[in-house]
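Visitor: First the structure, then my questions, so here it is.
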There are 2 protein chains.
Amino acid sequence: VLSITADILQIVRKAKQPISKKEIATASGLSVSAAADHVERLMDANLLVHAAIGGSSGGRKPRLYAFNKDAGHLISIDMDTASAQVAITNFDCSILAQNSCSFDIYDGPDKVLNHIKEVIFELLTQNRLDRSAIKGIGFGIPGPVEFASGLPISPTLMPGWDQYPIRKFWSEHFHCPCYIDNDVNIMALGEYAKGLVLEVDNMMIIKVGVGIGAGIICDGKLYRGSNGSAGDLGHFDVGRDVTCWCGNRGCLEAVAGGKAVVTQAKELALSGKGDYLLDMINKKGTLDMADIAVGIQRRDAVSIELNRESSSLIGRVVASIVNFLNPELILVSGAFSEFEDTLLAAIRQAVYKRSLPLSTRNLLINKSALGNKAGLIGAAYMTLEQLIINSINDQEDANLATG
Amino acid sequence: VLSITADILQIVRKAKQPISKKEIATASGLSVSAAADHVERLMDANLLVHAAIGGSSGGRKPRLYAFNKDAGHLISIDMDTASAQVAITNFDCSILAQNSCSFDIYDGPDKVLNHIKEVIFELLTQNRLDRSAIKGIGFGIPGPVEFASGLPISPTLMPGWDQYPIRKFWSEHFHCPCYIDNDVNIMALGEYAKGLVLEVDNMMIIKVGVGIGAGIICDGKLYRGSNGSAGDLGHFDVGRDVTCWCGNRGCLEAVAGGKAVVTQAKELALSGKGDYLLDMINKKGTLDMADIAVGIQRRDAVSIELNRESSSLIGRVVASIVNFLNPELILVSGAFSEFEDTLLAAIRQAVYKRSLPLSTRNLLINKSALGNKAGLIGAAYMTLEQLIINSINDQEDANLATG
């Protein structure tokens with residue numbers, strides 16, 4: 001309901017330089033007096049500040065307004081199944097300080113969250129910041145999230161996390177709100193907010209790691225669907241006779257995700273079909289995606305073939321999705337740059353071959369612009385967006401109470 | 001840019017009874033004075049009218065406003081590959097008069113459009129309406145449309161229509177704008193605008209006729225994608241070794257669309273595996289979807305099996321889409337009600353079996369609520385939406401010129 005004030009803030013935030021009330025009115029389609037109302041609200045909420053006085057065609061020079069990027073700090077967390085990156089950002093979602101940690105997701109939420117918390121506390125101390133300086137926490141996790149409640153829902157790659165009250169955990173350590181979303185959704189937000197040179201309204205980012213997911217921007221907004229689970233690409237039925245960890249058969253992720261590729265690599269190595277991979281197993285006792293990435297670097301034929309096969313299957317699904325969603329931009333992000341090039345080529349090949357002419361007329365397919373910073377920046381941006389909506393709502397409630 | 005005025009109009013239009021400026025302000029999040037500005041604009045454009053004076057908690061009773069559904073008439077056309085329905089509606093998108101005609105799409109756009117035009121002229125005469133009473137024409141066609149230009153783009157089921165200037169044709173007969181969109185998009189708009197008992201923000205309608213398509217409502221708006229081609233379900237790769245008329249292999253439509261099912265039926269009949277179907281071919285010299293529908297009614301095993309097979313394949317694709325799009329409501333529409341029941345059952349079965357728990361938590365799967373009127377109502381609604389946006393733009397231009 002109060003999205004107009006938030007839209008006005010976005011206009012100021014996205015403007016390349018400070019702008020006047022009149023310019024805000026023009027950009028928003030509001031009358032100057034209506035625009036002024038919203039600007040006052042945002043000044044009261046400390047989200048806008050006065051900037052230098054602007055030029056004018058004559059008469060009094062207009063006051064200019066700018067987004068107050070120093071209104072507070074945010075904590076941003078981008079977690080996968082084996083590690084997390086954490087950062088402190090300002091309200092402009094620029095990373096001020098960053099650190100990371102490793103863990104085993106099988107240790108369960110309690111241990112993992114405490115580990116991440118310790119790293120954040122250290123980062124705050126190193127940067128001489130008190131916990132009270134933090135105005136919001138944004139947290140991306142590798143599984144489906146019901147956005148409204150912040151609860152993970154049956155996340156197949158995160159045993160023990162189903163419905164775990166992550167927000168409650170953070171509220172015991174910080175006096176600020178925490179917002180939780182899927183890792184690929186926050187990447188999409190990051191790329192949309194900060195990564196793009198182009199202005200696009202309809203885009204999709206595809207992340208291939210242990211699992212396979214997509215984040216969707218529709219008509220300029222992150223599209224979460226009715227329960228917050230939109231963007232799931234991993235459980236597309238590709239008609240192969242393989243059982244997936246979700247319990248169904250033939251899911252893309254069960255054939256082409258990182259976990260599936262490692263399983264295939266092990267099988268090939270142990271059946272004598274992959275010397276390099278068998279060497280790695282003998283040396284390390286196990287095999288992971290990083291080993292296959294090294295294999296690709298060293299031109300190991302089996303590693304290259306595994307990567308090509310999985311990329312080609314992902315490409316086929318993406319080609320179908322392009323017809324269905326008709327995006328302007330597809331960004332591709334892999335766990336390792338060694339996978340990324342093949343993946344990008346396979347998606348381009350499948351999409352330009354299979355998709356309908358109208359769907360691909362203006363379609364660009366590129367690598368992620370922000371790389372492994374997309375999630376951190378996006379988690380901060382998600383938090384900022386929610387804080388803006390909430391601070392305006394709170395103020396509105398206060399106005400209603402006193403007015 | 002001027003979408004706020006259009007949003008205000010939608011608030012009034014969707015209200016169950018006339019509402020006051022204050023109620024409009026509350027519903028929109030605007031201040032009362034800003035809301036009043038927009039209301040005045042809409043009164044000037046003749047899109048709002050004064051209604052009865054409302055009650056008040058004390059003091060002067062507020063003026064109430066209502067949508068002016070009699071501000072003009074619209075022509076609505078819902079075309080498939082063999083026939084078209086046409087209607088005259090008011091601005092409330094209620095059908096005032098309706099007719100239909102049959103043709104062969106292979107006759108090409110010129111002949112087909114002239115045929116439809118004659119039927120519209122008759123309908124106007126019968127209803128004592130002059131062409132000048134028509135404020136807009138909405139036209140749905142069975143193929144991809146670039147919405148901004150109104151041009152069909154390589155429509156596989158409409159040979160000869162590629163880039164055909166449909167708007168120009170209508171402008172030679174009517175002095176009002178014409179808006180063209182895909183047949184399934186207008187069905188989605190129709191169901192969203194008038195068909196629903198529930199208030200849903202994310203829905204999808206699937207139409208299985210000669211081809212297979214979907215119309216998508218995302219966050220309360222028809223989602224057309226970057227070129228207007230979003231919603232294409234027919235060219236999903238289902239991995240079968242069949243060449244599609246789009247030139248690719250394995251498309252859903254090439255295996256499960258109406259055209260494909262008729263081809264399969266012919267093959268079975270001519271190879272001695274379908275007595276009922278062979279009888280029909282011998283009687284009529286050919287076979288079409290209606291014959292298979294009759295076969296299902298008469299419990300012909302081959303017709304039933306063909307329908308079940310195609311429905312099950314469509315169900316598998318829809319299940320994947322549910323994970324990806326996470327809608328609240330899926331509506332199913334078939335060319336014949338005989339197909340529809342099996343299709344609905346197959347989609348429900350596949351979705352509830354295959355889709356992830358979070359995606360289906362609140363998901364309803366039903367038959368289309370408006371049936372074969374969805375397209376006509378939706379084409380009128382699309383026209384209304386565009387007229388609103390344009391009339392506000394025009395007025396704004398006039399204000400800028402004089403103000």
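Please note that chains go A, B, ... in the order of the structure tokens, that every chain numbers its residues from 1, and that ligands are numbered from 1 in the order shown.
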Please build the interface table for chain A against chain B with a cut-off of 7 Å, listing for each qualifying residue the nearest atom pair and the distance in Å to one decimal; count only C-alpha atoms, order rows by chain and increasing number, and write it as CSV.
Guide:
residue,atom,partner,partner_atom,distance
A:Val1,CA,B:Gly29,CA,5.3
A:Leu2,CA,B:Gly29,CA,4.8
A:Ala27,CA,B:Val1,CA,6.7
A:Ser28,CA,B:Val1,CA,5.7
A:Gly29,CA,B:Leu2,CA,4.9
A:Ala34,CA,B:Ala34,CA,5.4
A:Ile153,CA,B:Leu358,CA,6.3
A:Asn202,CA,B:Ser226,CA,6.3
A:Gly225,CA,B:Asn326,CA,4.8
A:Ser226,CA,B:Pro327,CA,5.6
A:Asn227,CA,B:Ser359,CA,6.6
A:Ser229,CA,B:Ser359,CA,6.0
A:Ala230,CA,B:Leu325,CA,4.7
A:Gly231,CA,B:Phe324,CA,4.5
A:Asp232,CA,B:Phe324,CA,4.5
A:Leu233,CA,B:Phe324,CA,5.9
A:His235,CA,B:Ser320,CA,6.6
A:Phe236,CA,B:Ser320,CA,4.7
A:Asp237,CA,B:Ser320,CA,6.2
A:Asn248,CA,B:Arg354,CA,6.3
A:Ser320,CA,B:Phe236,CA,4.7
A:Asn323,CA,B:Asp232,CA,5.3
A:Phe324,CA,B:Gly231,CA,4.5
A:Leu325,CA,B:Ala230,CA,4.7
A:Asn326,CA,B:Gly225,CA,4.8
A:Pro327,CA,B:Ser226,CA,5.6
A:Glu328,CA,B:Ser226,CA,5.7
A:Arg354,CA,B:Asn248,CA,6.2
A:Leu358,CA,B:Ile153,CA,6.3
A:Ser359,CA,B:Ser229,CA,6.0
Visitor: For Gln85 of chain B, which residue out of B:Ile137, B:Val210, B:Leu376, B:Ile389 is the nearest one, using only C-alpha atoms?
Guide: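 Looking only at the distances to Gln85 of chain B, the closest residue turns out to be B:Leu376.
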Visitor: Please provide the set of residues having any atom within 9 Å of segment 188-192 of chain B, restricted to only C-alpha atoms, with same-chain residues fewer than 3 positions apart removed, written as a ChimeraX atom specification.
Guide: /B:93,183-185,195-196,199-201,203-206,214-217,220-222,331,368-370,373-382
Visitor: Write the residues you've just listed into a file as an mmCIF file, in the first residue's frame, and include N, CA and C atoms for each of them.
Guide:
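Result went into part_19.cif, see below:
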data_model
loop_
_atom_site.group_PDB
_atom_site.id
_atom_site.type_symbol
_atom_site.label_atom_id
_atom_site.label_comp_id
_atom_site.auth_asym_id
_atom_site.auth_seq_id
_atom_site.Cartn_x
_atom_site.Cartn_y
_atom_site.Cartn_z
ATOM 1 N N CYS B 93 -16.509 -4.444 -19.340
ATOM 2 C CA CYS B 93 -16.159 -5.705 -20.008
ATOM 3 C C CYS B 93 -17.286 -6.726 -19.944
ATOM 4 N N ASP B 183 -3.802 -15.252 -27.672
ATOM 5 C CA ASP B 183 -5.117 -15.706 -27.186
ATOM 6 C C ASP B 183 -5.107 -16.150 -25.721
ATOM 7 N N VAL B 184 -3.991 -16.730 -25.273
ATOM 8 C CA VAL B 184 -3.963 -17.215 -23.889
ATOM 9 C C VAL B 184 -3.727 -16.056 -22.917
ATOM 10 N N ASN B 185 -2.961 -15.053 -23.350
ATOM 11 C CA ASN B 185 -2.791 -13.872 -22.505
ATOM 12 C C ASN B 185 -4.136 -13.204 -22.221
ATOM 13 N N GLY B 195 -13.293 -13.442 -13.726
ATOM 14 C CA GLY B 195 -13.684 -14.830 -13.516
ATOM 15 C C GLY B 195 -13.514 -15.320 -12.089
ATOM 16 N N LEU B 196 -12.675 -14.644 -11.327
ATOM 17 C CA LEU B 196 -12.232 -15.229 -10.078
ATOM 18 C C LEU B 196 -13.127 -14.895 -8.911
ATOM 19 N N GLU B 199 -9.230 -13.824 -4.641
ATOM 20 C CA GLU B 199 -8.305 -12.767 -5.023
ATOM 21 C C GLU B 199 -6.914 -13.391 -5.086
ATOM 22 N N VAL B 200 -6.391 -13.588 -6.280
ATOM 23 C CA VAL B 200 -5.050 -14.154 -6.371
ATOM 24 C C VAL B 200 -4.135 -13.195 -7.128
ATOM 25 N N ASP B 201 -2.868 -13.204 -6.757
ATOM 26 C CA ASP B 201 -1.891 -12.324 -7.390
ATOM 27 C C ASP B 201 -1.034 -13.065 -8.408
ATOM 28 N N MET B 203 -1.120 -16.294 -10.880
ATOM 29 C CA MET B 203 -1.861 -17.392 -11.466
ATOM 30 C C MET B 203 -1.388 -17.675 -12.883
ATOM 31 N N MET B 204 -1.826 -18.808 -13.401
ATOM 32 C CA MET B 204 -1.447 -19.203 -14.748
ATOM 33 C C MET B 204 -2.636 -19.922 -15.349
ATOM 34 N N ILE B 205 -2.946 -19.629 -16.607
ATOM 35 C CA ILE B 205 -3.979 -20.391 -17.282
ATOM 36 C C ILE B 205 -3.325 -21.159 -18.427
ATOM 37 N N ILE B 206 -3.669 -22.427 -18.535
ATOM 38 C CA ILE B 206 -3.092 -23.278 -19.578
ATOM 39 C C ILE B 206 -4.184 -23.623 -20.571
ATOM 40 N N ALA B 214 0.261 -20.768 -22.373
ATOM 41 C CA ALA B 214 -0.088 -20.359 -21.023
ATOM 42 C C ALA B 214 -0.110 -18.844 -20.938
ATOM 43 N N GLY B 215 -0.984 -18.322 -20.103
ATOM 44 C CA GLY B 215 -1.017 -16.898 -19.775
ATOM 45 C C GLY B 215 -0.647 -16.758 -18.307
ATOM 46 N N ILE B 216 0.214 -15.797 -17.997
ATOM 47 C CA ILE B 216 0.788 -15.705 -16.654
ATOM 48 C C ILE B 216 0.431 -14.375 -16.004
ATOM 49 N N ILE B 217 -0.139 -14.416 -14.808
ATOM 50 C CA ILE B 217 -0.321 -13.202 -14.012
ATOM 51 C C ILE B 217 0.700 -13.266 -12.881
ATOM 52 N N GLY B 220 -0.056 -9.712 -9.729
ATOM 53 C CA GLY B 220 -1.239 -8.937 -10.087
ATOM 54 C C GLY B 220 -1.240 -8.307 -11.468
ATOM 55 N N LYS B 221 -0.218 -8.630 -12.287
ATOM 56 C CA LYS B 221 -0.191 -8.050 -13.632
ATOM 57 C C LYS B 221 0.079 -9.127 -14.676
ATOM 58 N N LEU B 222 -0.510 -8.961 -15.856
ATOM 59 C CA LEU B 222 -0.204 -9.889 -16.939
ATOM 60 C C LEU B 222 1.276 -9.762 -17.250
ATOM 61 N N LEU B 331 -5.383 -22.500 -13.856
ATOM 62 C CA LEU B 331 -6.650 -22.789 -14.521
ATOM 63 C C LEU B 331 -6.354 -23.568 -15.793
ATOM 64 N N SER B 368 -11.058 -23.536 -16.033
ATOM 65 C CA SER B 368 -11.314 -22.123 -16.307
ATOM 66 C C SER B 368 -12.714 -21.755 -15.813
ATOM 67 N N ALA B 369 -12.832 -20.597 -15.147
ATOM 68 C CA ALA B 369 -14.120 -20.213 -14.576
ATOM 69 C C ALA B 369 -15.044 -19.616 -15.630
ATOM 70 N N LEU B 370 -14.482 -18.922 -16.604
ATOM 71 C CA LEU B 370 -15.309 -18.241 -17.607
ATOM 72 C C LEU B 370 -15.509 -19.075 -18.860
ATOM 73 N N LYS B 373 -15.807 -17.833 -22.699
ATOM 74 C CA LYS B 373 -15.961 -16.371 -22.692
ATOM 75 C C LYS B 373 -14.707 -15.668 -22.159
ATOM 76 N N ALA B 374 -13.760 -16.430 -21.625
ATOM 77 C CA ALA B 374 -12.581 -15.819 -20.998
ATOM 78 C C ALA B 374 -11.829 -14.921 -21.975
ATOM 79 N N GLY B 375 -11.642 -15.392 -23.219
ATOM 80 C CA GLY B 375 -10.895 -14.628 -24.212
ATOM 81 C C GLY B 375 -11.593 -13.331 -24.578
ATOM 82 N N LEU B 376 -12.906 -13.392 -24.803
ATOM 83 C CA LEU B 376 -13.662 -12.187 -25.178
ATOM 84 C C LEU B 376 -13.615 -11.144 -24.068
ATOM 85 N N ILE B 377 -13.841 -11.590 -22.847
ATOM 86 C CA ILE B 377 -13.830 -10.661 -21.716
ATOM 87 C C ILE B 377 -12.423 -10.097 -21.521
ATOM 88 N N GLY B 378 -11.421 -10.969 -21.668
ATOM 89 C CA GLY B 378 -10.035 -10.535 -21.495
ATOM 90 C C GLY B 378 -9.580 -9.556 -22.567
ATOM 91 N N ALA B 379 -10.013 -9.772 -23.822
ATOM 92 C CA ALA B 379 -9.633 -8.845 -24.897
ATOM 93 C C ALA B 379 -10.223 -7.464 -24.614
ATOM 94 N N ALA B 380 -11.459 -7.443 -24.084
ATOM 95 C CA ALA B 380 -12.068 -6.163 -23.718
ATOM 96 C C ALA B 380 -11.296 -5.512 -22.575
ATOM 97 N N TYR B 381 -10.906 -6.324 -21.606
ATOM 98 C CA TYR B 381 -10.198 -5.794 -20.440
ATOM 99 C C TYR B 381 -8.824 -5.240 -20.830
ATOM 100 N N MET B 382 -8.116 -5.970 -21.695
ATOM 101 C CA MET B 382 -6.822 -5.478 -22.199
ATOM 102 C C MET B 382 -7.004 -4.113 -22.853
#
Visitor: As an exercise, work out the distance from atom CA of Asp181 of chain A to atom CA of Gly143 of chain A in Å and give it to one decimal place.
Guide: 8.5 Å
Visitor: Just the residues within 12 Å of Lys135 of chain A, please, counting only C-alpha atoms, with nothing from its chain fewer than 4 positions along; format it as a ChimeraX atom specification.
Guide: /A:70-76,88-91,130-131,171,174-179,380,383-384,386-388,390-391
Visitor: Which value, in Å to one decimal, gives the distance between atom CA of Ile19 of chain B and atom CA of Asn68 of chain B?
Guide: 13.0 Å
